[in-house]
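Chemist: I'd like to ask you about the structure that follows.
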Amino acid sequence: MGIQSAQAAAHVANPFVGSSPYLNPNYVSEVQAQASADGSSAEAKVAGYQTAIWMDHIGAIAGDSTHLGLQAQLDNAVTQAQSSSSPVLVEVVVYDLPGRDCAALASNGEIPATDAGLTQYESQYIDPIVALEGNSKYSNLRIVNFIEPDSLPNAVTNQSKSACATAIPYYEKGIAYALGKLHAIGPQIYNYLDIGHSGWLGWPNNMSGAGPEYAKVVQSATGGYATVDGFVSDTANTTPSDEPFLPNSSLTVGGQPLKSATFYQWNPYFDEHSYDEAMYNEFVSSGFPSTVGMLIDTSRNGWGGSARPTSLNSSPTTVDTYVAANKVDQRPFRGDWCNVNGAGIGARPQANPYGSGDHIIADVWIKPPGESDGDYPTATHTHGDPHCDPNGTQTDGNGGTYPTDAIPGYDIPAGNWFAAQFQQL
């Protein structure tokens, strides 16, 4: 323990280097049960990779009969650390803002977007998490917090939606509170803010608005820029890390740049790697220190199968046909996000996937592969999100209508085990 304690005491630039991953036993058992039922050794391997622990409602902190609470998870990590020569890294998703997911329905939260809701978020949700993570018996762990998926991206792009206009001030105050309290615990804590994905904030106007918005929120936190270690993209999404045959979004085909294709709609960032590099520059120019690191959730952004291109096809003569022939992202629409059909598990969690000189410091699995994104409304079940309806459609804001691309034949609430999706992934 002495060696391990000395290694873990310092706050490091990249906590994913030189650490041992903590595996959530609840997820491990889900995977093992499915793999056993299917007689699949390939499925069983998934249990060996780290996934994040979602604190997606107040009750998750204490846990229940089927899910370990945060204290039990951290206690398990301490036990693991006693036989580990390297610091044990635990990943926690902080996800319960007032008015959560104001532009979606499948993952709306339990706390209202009101002054009383903000007080509840701080006192009943953040404070108990801080008290647990701050217990001295966990001081030689590395605790990585992924802060409030989808929240500040909504602040950048969805101010015009009434639910978001109401919720966003509480997002900003709640996140600032969480960052300040978590950071104050000590050097074992690492905080990463969610930045959506390239198909959301990749357009120049959205990206230029992101830097100031995030800077405003972080500067209002006690501790300011020091409270944030970096940013994470593609949380619970399926956008590829790289489009290997579309490396240049300005490449001209038939007199038009590839970014003008219907699939990209003038968004110049086709994948998470290029997007995160650009967002890094945007954040640093907005005042964040150059030491911030970028993470990609690769849990479901691996596109494979017979439709995946294996080499460049340069013969198409229009941007739409060229993109269709060469993109690995097989969605009909980049806005499809709920239980997307045809997605696969992406790159395995690892530090420095592009080398130590790249701003992407790790691939992580935040969304546990095989847990549903959400269900959809029916005559007997009014809650849910139409985007999760396999027979539903959605629009791109420019007159285009697309299928949701949700896996057909299923209607499974968010977070519940989705066997068919896991098998497909």
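Lettering and numbering for the structure tokens are positional, with chains as A, B, ... in the shown order, residues counted from 1 in each chain, and ligands counted from 1 in the shown order.
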Where does DSSP see strand (DSSP E or B) in segment 309-399 of chain A, if you list the residues as a PyMOL selection string?
Modeler: chain A and resi 340+343-344+350-351+360-364+371+378+381+393-395
Chemist: For segment 222-226 of chain A, find every residue with an atom within 8 Å (counting only C-alpha atoms), except residues of its own chain fewer than 6 positions away, and show them as a PyMOL selection string.
Modeler: chain A and resi 176-177+179-181+183-184+215+288-289
Chemist: Just the residues within 10 Å of segment 57-74 of chain A, please, counting only C-alpha atoms, with nothing from its chain fewer than 4 positions along; format it as a VMD selection string.
Modeler: chain A and resid 22 to 27 53 78 to 80 89 to 90 92 94 to 97 109 to 111 120 to 121 124 to 126 128 to 129 131 to 133 135 137 to 138 141 143
Chemist: Convert the current residue selection to file output with N, CA, C and O atoms, as a short mmCIF file (atom, residue, chain, number, x, y, z; two decimals), in the first residue's frame.
Modeler:
data_model
loop_
_atom_site.label_atom_id
_atom_site.label_comp_id
_atom_site.auth_asym_id
_atom_site.auth_seq_id
_atom_site.Cartn_x
_atom_site.Cartn_y
_atom_site.Cartn_z
N TYR A 22 -11.09 0.10 -12.43
CA TYR A 22 -12.07 -0.54 -11.55
C TYR A 22 -13.27 -0.95 -12.40
O TYR A 22 -13.82 -0.15 -13.17
N LEU A 23 -13.69 -2.21 -12.27
CA LEU A 23 -14.81 -2.73 -13.03
C LEU A 23 -16.06 -2.76 -12.16
O LEU A 23 -16.04 -3.30 -11.05
N ASN A 24 -17.14 -2.17 -12.64
CA ASN A 24 -18.41 -2.14 -11.93
C ASN A 24 -19.00 -3.55 -11.90
O ASN A 24 -19.39 -4.09 -12.93
N PRO A 25 -19.08 -4.18 -10.73
CA PRO A 25 -19.56 -5.56 -10.68
C PRO A 25 -20.99 -5.73 -11.16
O PRO A 25 -21.35 -6.81 -11.65
N ASN A 26 -21.81 -4.68 -11.06
CA ASN A 26 -23.18 -4.78 -11.57
C ASN A 26 -23.17 -4.98 -13.09
O ASN A 26 -23.90 -5.82 -13.62
N TYR A 27 -22.32 -4.22 -13.78
CA TYR A 27 -22.24 -4.37 -15.24
C TYR A 27 -21.57 -5.68 -15.61
O TYR A 27 -22.01 -6.38 -16.54
N ILE A 53 -19.76 4.33 -13.74
CA ILE A 53 -20.87 4.10 -12.80
C ILE A 53 -21.77 5.34 -12.85
O ILE A 53 -21.32 6.45 -12.56
N VAL A 78 -11.12 0.20 -3.13
CA VAL A 78 -10.06 0.21 -2.11
C VAL A 78 -9.53 -1.21 -1.90
O VAL A 78 -8.32 -1.43 -1.79
N THR A 79 -10.42 -2.17 -1.86
CA THR A 79 -10.00 -3.57 -1.72
C THR A 79 -9.12 -3.98 -2.90
O THR A 79 -8.08 -4.63 -2.72
N GLN A 80 -9.50 -3.57 -4.10
CA GLN A 80 -8.68 -3.86 -5.29
C GLN A 80 -7.31 -3.20 -5.17
O GLN A 80 -6.28 -3.77 -5.53
N LEU A 89 -8.40 3.37 -10.68
CA LEU A 89 -9.18 4.47 -11.23
C LEU A 89 -10.65 4.08 -11.29
O LEU A 89 -11.01 3.02 -11.81
N VAL A 90 -11.50 4.94 -10.72
CA VAL A 90 -12.95 4.73 -10.69
C VAL A 90 -13.60 5.84 -11.51
O VAL A 90 -13.25 7.01 -11.38
N VAL A 92 -17.09 7.86 -12.51
CA VAL A 92 -18.43 8.18 -11.99
C VAL A 92 -19.09 9.21 -12.90
O VAL A 92 -18.47 10.24 -13.23
N VAL A 94 -21.81 12.01 -13.13
CA VAL A 94 -22.63 12.92 -12.33
C VAL A 94 -23.71 13.46 -13.26
O VAL A 94 -23.43 14.23 -14.19
N TYR A 95 -24.98 13.04 -13.02
CA TYR A 95 -26.02 13.24 -14.04
C TYR A 95 -27.39 13.33 -13.39
O TYR A 95 -28.13 12.37 -13.37
N ASP A 96 -27.74 14.49 -12.86
CA ASP A 96 -29.06 14.64 -12.25
C ASP A 96 -29.45 16.11 -12.10
O ASP A 96 -30.10 16.49 -11.13
N LEU A 97 -29.06 16.94 -13.04
CA LEU A 97 -29.35 18.37 -12.96
C LEU A 97 -30.85 18.66 -12.88
O LEU A 97 -31.67 17.89 -13.39
N GLY A 109 -34.85 14.06 -15.96
CA GLY A 109 -34.48 13.74 -14.60
C GLY A 109 -35.63 13.85 -13.62
O GLY A 109 -36.79 14.05 -13.99
N GLU A 110 -35.26 13.76 -12.35
CA GLU A 110 -36.26 13.74 -11.28
C GLU A 110 -36.41 15.09 -10.59
O GLU A 110 -37.34 15.29 -9.81
N ILE A 111 -35.49 16.02 -10.87
CA ILE A 111 -35.46 17.29 -10.15
C ILE A 111 -35.99 18.41 -11.05
O ILE A 111 -35.52 18.55 -12.18
N GLN A 120 -32.24 21.31 -4.00
CA GLN A 120 -32.29 19.86 -3.85
C GLN A 120 -31.09 19.19 -4.53
O GLN A 120 -30.48 18.28 -3.97
N TYR A 121 -30.76 19.65 -5.74
CA TYR A 121 -29.60 19.11 -6.47
C TYR A 121 -28.32 19.26 -5.65
O TYR A 121 -27.53 18.33 -5.53
N GLN A 124 -29.09 17.35 -1.76
CA GLN A 124 -29.45 15.93 -1.72
C GLN A 124 -28.69 15.08 -2.72
O GLN A 124 -28.73 13.85 -2.64
N TYR A 125 -28.03 15.72 -3.68
CA TYR A 125 -27.34 14.96 -4.72
C TYR A 125 -25.83 15.24 -4.71
O TYR A 125 -25.03 14.35 -4.41
N ILE A 126 -25.43 16.46 -4.98
CA ILE A 126 -23.99 16.76 -5.05
C ILE A 126 -23.32 16.61 -3.68
O ILE A 126 -22.27 15.96 -3.56
N PRO A 128 -23.99 14.74 -1.00
CA PRO A 128 -23.70 13.36 -0.60
C PRO A 128 -22.61 12.70 -1.45
O PRO A 128 -21.81 11.91 -0.92
N ILE A 129 -22.56 13.00 -2.74
CA ILE A 129 -21.49 12.45 -3.58
C ILE A 129 -20.14 12.98 -3.12
O ILE A 129 -19.15 12.24 -3.01
N ALA A 131 -19.38 14.07 -0.15
CA ALA A 131 -19.04 13.48 1.15
C ALA A 131 -18.44 12.09 0.99
O ALA A 131 -17.47 11.74 1.70
N LEU A 132 -18.97 11.32 0.06
CA LEU A 132 -18.43 9.97 -0.16
C LEU A 132 -17.07 10.01 -0.85
O LEU A 132 -16.10 9.40 -0.38
N GLU A 133 -16.97 10.74 -1.95
CA GLU A 133 -15.69 10.80 -2.67
C GLU A 133 -14.60 11.44 -1.81
O GLU A 133 -13.42 11.17 -2.02
N ASN A 135 -14.17 11.02 1.43
CA ASN A 135 -13.76 10.22 2.58
C ASN A 135 -12.28 9.88 2.47
O ASN A 135 -11.82 9.43 1.42
N LYS A 137 -10.57 7.47 3.35
CA LYS A 137 -10.17 6.11 3.00
C LYS A 137 -10.08 5.90 1.49
O LYS A 137 -9.55 4.89 1.04
N TYR A 138 -10.58 6.88 0.72
CA TYR A 138 -10.51 6.77 -0.74
C TYR A 138 -9.43 7.67 -1.33
O TYR A 138 -9.37 7.85 -2.55
N LEU A 141 -7.27 6.47 -4.29
CA LEU A 141 -7.89 6.15 -5.57
C LEU A 141 -7.75 7.34 -6.52
O LEU A 141 -7.45 8.45 -6.09
N ILE A 143 -10.34 9.17 -8.76
CA ILE A 143 -11.77 9.21 -9.02
C ILE A 143 -12.03 10.21 -10.14
O ILE A 143 -11.78 11.40 -10.01
#
Chemist: Of the candidates A:Gly254, A:Asp336, A:Val88, A:Asp56, which shows the shortest atom-to-atom distance to Pro316 of chain A, using only C-alpha atoms?
Modeler: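 Of all the options, A:Gly254 lies closest to Pro316 of chain A.
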Chemist: List every residue of segment 145-376 of chain A that DSSP, applied to the backbone of this structure, places in helix (DSSP H, G or I), and write the result as a PyMOL selection string.
Modeler: chain A and resi 151-157+162-183+198-201+204-219+224-227+258-260+272-285+319-326
Chemist: What's the 8 Å shell around segment 240-250 of chain A, counting only C-alpha atoms, without same-chain residues fewer than 6 positions away, as a list in words?
Modeler: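 Counting only C-alpha atoms, the residues come to Pro257, Leu258, Lys259, Pro268, Tyr269, Phe270, Asp271, Glu272, His273, Ser274, Ile296, Thr298, Asn301, Gly302, Trp303, Ser311, Leu312, Val323, Asn326, Lys327, Val328 and Asp329 of chain A.
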Chemist: Env of Pro353 of chain A: 12 Å cut, atoms = only C-alpha atoms, seq-sep filter 3 positions within chain, self excluded. Answer as a PDB file with N, CA, C and O atoms, in the first residue's frame.
Modeler:
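Okay, around-v6.pdb is ready:
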ATOM      1  N   PHE A  16      -5.368   8.348 -16.628  1.00  0.00           N
ATOM      2  CA  PHE A  16      -5.559   7.041 -17.247  1.00  0.00           C
ATOM      3  C   PHE A  16      -4.231   6.327 -17.502  1.00  0.00           C
ATOM      4  O   PHE A  16      -4.207   5.123 -17.747  1.00  0.00           O
ATOM      5  N   VAL A  17      -3.137   7.062 -17.442  1.00  0.00           N
ATOM      6  CA  VAL A  17      -1.807   6.468 -17.593  1.00  0.00           C
ATOM      7  C   VAL A  17      -1.358   5.908 -16.252  1.00  0.00           C
ATOM      8  O   VAL A  17      -1.420   6.592 -15.227  1.00  0.00           O
ATOM      9  N   SER A 241     -14.933   7.722 -33.932  1.00  0.00           N
ATOM     10  CA  SER A 241     -13.746   8.473 -33.513  1.00  0.00           C
ATOM     11  C   SER A 241     -13.015   9.032 -34.713  1.00  0.00           C
ATOM     12  O   SER A 241     -12.472  10.141 -34.667  1.00  0.00           O
ATOM     13  N   ASP A 242     -12.977   8.278 -35.806  1.00  0.00           N
ATOM     14  CA  ASP A 242     -12.283   8.688 -37.026  1.00  0.00           C
ATOM     15  C   ASP A 242     -13.080   8.245 -38.243  1.00  0.00           C
ATOM     16  O   ASP A 242     -13.696   7.181 -38.236  1.00  0.00           O
ATOM     17  N   HIS A 273     -12.366  12.706 -33.289  1.00  0.00           N
ATOM     18  CA  HIS A 273     -10.954  13.085 -33.157  1.00  0.00           C
ATOM     19  C   HIS A 273     -10.741  14.512 -33.660  1.00  0.00           C
ATOM     20  O   HIS A 273     -10.179  15.361 -32.952  1.00  0.00           O
ATOM     21  N   MET A 294      -8.627  15.726 -23.581  1.00  0.00           N
ATOM     22  CA  MET A 294      -9.881  15.374 -24.232  1.00  0.00           C
ATOM     23  C   MET A 294     -10.092  13.861 -24.183  1.00  0.00           C
ATOM     24  O   MET A 294      -9.150  13.084 -24.384  1.00  0.00           O
ATOM     25  N   LEU A 295     -11.332  13.454 -23.914  1.00  0.00           N
ATOM     26  CA  LEU A 295     -11.706  12.046 -23.850  1.00  0.00           C
ATOM     27  C   LEU A 295     -12.800  11.757 -24.875  1.00  0.00           C
ATOM     28  O   LEU A 295     -13.615  12.630 -25.186  1.00  0.00           O
ATOM     29  N   ILE A 296     -12.836  10.524 -25.392  1.00  0.00           N
ATOM     30  CA  ILE A 296     -13.897  10.091 -26.298  1.00  0.00           C
ATOM     31  C   ILE A 296     -14.561   8.848 -25.716  1.00  0.00           C
ATOM     32  O   ILE A 296     -13.876   7.888 -25.354  1.00  0.00           O
ATOM     33  N   THR A 298     -16.035   5.698 -26.490  1.00  0.00           N
ATOM     34  CA  THR A 298     -16.008   4.802 -27.649  1.00  0.00           C
ATOM     35  C   THR A 298     -16.844   3.545 -27.422  1.00  0.00           C
ATOM     36  O   THR A 298     -16.707   2.570 -28.166  1.00  0.00           O
ATOM     37  N   ALA A 347     -13.428   1.407 -30.018  1.00  0.00           N
ATOM     38  CA  ALA A 347     -12.085   1.139 -29.496  1.00  0.00           C
ATOM     39  C   ALA A 347     -12.145   0.823 -28.015  1.00  0.00           C
ATOM     40  O   ALA A 347     -12.950   1.391 -27.268  1.00  0.00           O
ATOM     41  N   ARG A 348     -11.301  -0.082 -27.564  1.00  0.00           N
ATOM     42  CA  ARG A 348     -11.267  -0.460 -26.154  1.00  0.00           C
ATOM     43  C   ARG A 348     -10.730   0.699 -25.319  1.00  0.00           C
ATOM     44  O   ARG A 348      -9.934   1.501 -25.791  1.00  0.00           O
ATOM     45  N   PRO A 349     -11.182   0.786 -24.068  1.00  0.00           N
ATOM     46  CA  PRO A 349     -10.650   1.852 -23.212  1.00  0.00           C
ATOM     47  C   PRO A 349      -9.134   1.783 -23.135  1.00  0.00           C
ATOM     48  O   PRO A 349      -8.561   0.713 -22.910  1.00  0.00           O
ATOM     49  N   GLN A 350      -8.503   2.929 -23.336  1.00  0.00           N
ATOM     50  CA  GLN A 350      -7.043   2.971 -23.313  1.00  0.00           C
ATOM     51  C   GLN A 350      -6.578   4.412 -23.164  1.00  0.00           C
ATOM     52  O   GLN A 350      -7.264   5.343 -23.570  1.00  0.00           O
ATOM     53  N   SER A 356       1.155   9.976 -27.017  1.00  0.00           N
ATOM     54  CA  SER A 356       1.217  10.902 -25.882  1.00  0.00           C
ATOM     55  C   SER A 356       1.245  12.359 -26.296  1.00  0.00           C
ATOM     56  O   SER A 356       1.023  13.247 -25.469  1.00  0.00           O
ATOM     57  N   GLY A 357       1.486  12.646 -27.575  1.00  0.00           N
ATOM     58  CA  GLY A 357       1.523  14.032 -28.021  1.00  0.00           C
ATOM     59  C   GLY A 357       0.172  14.577 -28.449  1.00  0.00           C
ATOM     60  O   GLY A 357       0.057  15.768 -28.759  1.00  0.00           O
ATOM     61  N   ASP A 358      -0.860  13.728 -28.470  1.00  0.00           N
ATOM     62  CA  ASP A 358      -2.181  14.140 -28.931  1.00  0.00           C
ATOM     63  C   ASP A 358      -3.007  14.652 -27.754  1.00  0.00           C
ATOM     64  O   ASP A 358      -2.818  14.229 -26.616  1.00  0.00           O
ATOM     65  N   HIS A 359      -3.944  15.560 -28.043  1.00  0.00           N
ATOM     66  CA  HIS A 359      -4.789  16.097 -26.976  1.00  0.00           C
ATOM     67  C   HIS A 359      -5.849  15.098 -26.510  1.00  0.00           C
ATOM     68  O   HIS A 359      -6.461  15.308 -25.455  1.00  0.00           O
ATOM     69  N   ILE A 360      -6.102  14.031 -27.285  1.00  0.00           N
ATOM     70  CA  ILE A 360      -7.002  12.972 -26.837  1.00  0.00           C
ATOM     71  C   ILE A 360      -6.216  12.105 -25.861  1.00  0.00           C
ATOM     72  O   ILE A 360      -5.322  11.357 -26.254  1.00  0.00           O
ATOM     73  N   ILE A 361      -6.542  12.193 -24.567  1.00  0.00           N
ATOM     74  CA  ILE A 361      -5.720  11.482 -23.574  1.00  0.00           C
ATOM     75  C   ILE A 361      -6.252  10.095 -23.242  1.00  0.00           C
ATOM     76  O   ILE A 361      -5.543   9.304 -22.621  1.00  0.00           O
ATOM     77  N   ALA A 362      -7.492   9.773 -23.667  1.00  0.00           N
ATOM     78  CA  ALA A 362      -8.004   8.417 -23.413  1.00  0.00           C
ATOM     79  C   ALA A 362      -9.279   8.161 -24.196  1.00  0.00           C
ATOM     80  O   ALA A 362     -10.068   9.080 -24.460  1.00  0.00           O
ATOM     81  N   ASP A 363      -9.460   6.909 -24.573  1.00  0.00           N
ATOM     82  CA  ASP A 363     -10.769   6.387 -24.964  1.00  0.00           C
ATOM     83  C   ASP A 363     -11.381   5.762 -23.717  1.00  0.00           C
ATOM     84  O   ASP A 363     -10.704   5.027 -22.982  1.00  0.00           O
ATOM     85  N   VAL A 364     -12.653   6.044 -23.479  1.00  0.00           N
ATOM     86  CA  VAL A 364     -13.340   5.527 -22.288  1.00  0.00           C
ATOM     87  C   VAL A 364     -14.684   4.940 -22.707  1.00  0.00           C
ATOM     88  O   VAL A 364     -15.209   5.261 -23.778  1.00  0.00           O
TER      89      VAL A 364
END
Chemist: Kindly indicate which residue among A:Gly304, A:Pro15, A:Gly211, A:Gly346 lies nearest to Tyr280 of chain A, using only C-alpha atoms for the distances.
Modeler: A:Gly211
